[in-house]
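*Asks:* The structure under discussion is supplied below as structure tokens; questions concerning it will follow.
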Amino acid sequence: MTPFYWLVALAVLLVIEIITLGLTTIWFAGGALVAFVLAMFGVPWLAQIAVFLVVSILLLIFTRPALEKKINKDRIKTNVNSIAGKEGKVTEAIDNFNQKGTIVLNGLEWTARSSKDDIIIPAGARVIVDEVKGVKVFVSQL
């Protein structure tokens, strides 16, 4: 009867993966498959659970990052994620000490800070966005 439980777990995990398409349960489905095979050979229940957990965690740790990188390589960044690397114009001098500064980027005004604390970037300067944190862009002068 034990192999049946692993087969049901495998099926449920695969159905959840198909529904979500988020690479969330496929790793545990792999562990359930290995545990199912062990159950078919009469391996004790505790050993099946241990192998299920070990295989699932190993698959999650070692294969997920590589697979996600391969899947997401052609994904186009949108919205805020697409701003990094773009050029803008300073409309109010950027001074981190006084917490002032704005830039115009793609027709939108952003609160800006210099990526280097000791540099003041004057109004009218061209800048490039290094990163976005919340509603602020961190920039470097071109």
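Here's how to read the names in the structure tokens: chain A, B, ... by the order shown, residue numbers from 1 in each chain, ligand numbers from 1 in the order shown.
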Might you pull out every residue within 8 Å of Leu14 in chain A, with only C-alpha atoms counted and same-chain residues fewer than 6 positions away left off, and present them as a ChimeraX atom specification?
*Replies:* /A:25-26,29
*Asks:* Mind checking which residues fall within 12 Å of Ser114 in chain A, counting only C-alpha atoms, ignoring those fewer than 5 positions away in the same chain, and posting them as an NGL selection string?
*Replies:* :A and (90 or 93-103 or 119-122 or 127-132 or 136-142)
*Asks:* Please identify which residues in chain A DSSP calls helix (DSSP H, G or I) from the backbone, and express them as a count of residues only.
*Replies:* 66
*Asks:* Quick one: residues within 9 Å of range 1-5 of chain A, only C-alpha atoms counted, chain neighbours fewer than 2 positions away excluded, as an mmCIF file with N, CA, C and O atoms, in the first residue's frame?
*Replies:*
data_model
loop_
_atom_site.group_PDB
_atom_site.id
_atom_site.type_symbol
_atom_site.label_atom_id
_atom_site.label_comp_id
_atom_site.auth_asym_id
_atom_site.auth_seq_id
_atom_site.Cartn_x
_atom_site.Cartn_y
_atom_site.Cartn_z
ATOM 1 N N LEU A 7 2.718 7.419 -5.164
ATOM 2 C CA LEU A 7 2.188 7.674 -6.505
ATOM 3 C C LEU A 7 1.140 8.787 -6.468
ATOM 4 O O LEU A 7 1.136 9.667 -7.340
ATOM 5 N N VAL A 8 0.300 8.781 -5.455
ATOM 6 C CA VAL A 8 -0.693 9.854 -5.292
ATOM 7 C C VAL A 8 0.014 11.182 -5.031
ATOM 8 O O VAL A 8 -0.329 12.210 -5.623
ATOM 9 N N ALA A 9 1.022 11.169 -4.168
ATOM 10 C CA ALA A 9 1.777 12.396 -3.876
ATOM 11 C C ALA A 9 2.440 12.923 -5.144
ATOM 12 O O ALA A 9 2.411 14.131 -5.420
ATOM 13 N N LEU A 10 3.015 12.028 -5.938
ATOM 14 C CA LEU A 10 3.654 12.416 -7.203
ATOM 15 C C LEU A 10 2.634 13.066 -8.135
ATOM 16 O O LEU A 10 2.890 14.129 -8.712
ATOM 17 N N ALA A 35 11.091 8.006 -3.979
ATOM 18 C CA ALA A 35 10.493 7.298 -2.835
ATOM 19 C C ALA A 35 9.535 6.207 -3.319
ATOM 20 O O ALA A 35 9.466 5.125 -2.728
ATOM 21 N N PHE A 36 8.809 6.462 -4.394
ATOM 22 C CA PHE A 36 7.908 5.463 -4.982
ATOM 23 C C PHE A 36 8.701 4.230 -5.426
ATOM 24 O O PHE A 36 8.306 3.094 -5.146
ATOM 25 N N VAL A 37 9.815 4.462 -6.103
ATOM 26 C CA VAL A 37 10.656 3.338 -6.556
ATOM 27 C C VAL A 37 11.168 2.548 -5.354
ATOM 28 O O VAL A 37 11.163 1.307 -5.364
ATOM 29 N N LEU A 38 11.606 3.253 -4.320
ATOM 30 C CA LEU A 38 12.079 2.560 -3.113
ATOM 31 C C LEU A 38 10.959 1.750 -2.473
ATOM 32 O O LEU A 38 11.185 0.630 -1.992
ATOM 33 N N ALA A 39 9.761 2.292 -2.451
ATOM 34 C CA ALA A 39 8.617 1.577 -1.879
ATOM 35 C C ALA A 39 8.313 0.315 -2.673
ATOM 36 O O ALA A 39 7.912 -0.707 -2.097
ATOM 37 N N MET A 40 8.500 0.383 -3.969
ATOM 38 C CA MET A 40 8.265 -0.805 -4.806
ATOM 39 C C MET A 40 9.236 -1.941 -4.453
ATOM 40 O O MET A 40 8.903 -3.109 -4.602
ATOM 41 N N GLY A 42 10.345 -2.420 -1.394
ATOM 42 C CA GLY A 42 10.118 -2.800 0.006
ATOM 43 C C GLY A 42 11.012 -2.121 1.015
ATOM 44 O O GLY A 42 11.197 -2.627 2.124
ATOM 45 N N TRP A 45 9.508 2.453 5.550
ATOM 46 C CA TRP A 45 8.794 3.725 5.423
ATOM 47 C C TRP A 45 9.655 4.925 5.838
ATOM 48 O O TRP A 45 9.680 5.942 5.156
#
*Asks:* Suppose you want the space between CA of Glu87 in chain A and CA of Val135 in chain A; what is it in Å?
*Replies:*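 Calculated distance between CA of Glu87 in chain A and CA of Val135 in chain A is 16.8 Å.
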*Asks:* Could you write out, as a ChimeraX atom specification, all the residues of range 54-129 of chain A that DSSP marks as strand (DSSP E or B)?
*Replies:* /A:87-95,100-105,108-114,121,126-129
*Asks:* Which residues are close to Val55 in chain A, i.e. within 9 Å by only C-alpha atoms, leaving aside same-chain residues fewer than 6 positions away? Reply as a tab-separated table (two decimals) with C-alpha atoms, in the first residue's frame.
*Replies:*
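Result file follows (selection_37.tsv):
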chain	number	residue	atom	x	y	z
A	27	TRP	CA	11.46	19.22	-7.04
A	28	PHE	CA	9.26	17.41	-4.54
A	30	GLY	CA	11.20	14.15	-8.13
A	31	GLY	CA	11.64	13.14	-4.50
A	32	ALA	CA	8.25	11.40	-4.52
A	34	VAL	CA	12.43	8.18	-6.00
A	35	ALA	CA	10.49	7.30	-2.84
*Asks:* Kindly give the distance, in Å, that separates CA of Ala84 in chain A and CA of Pro65 in chain A, rounded to a single decimal.
*Replies:*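 One can read the CA of Ala84 in chain A to CA of Pro65 in chain A distance as 22.9 Å.
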*Asks:* Can you work out the spacing between CA of Asn81 in chain A and CA of Leu105 in chain A in Å, to one decimal?
*Replies:* 13.4 Å
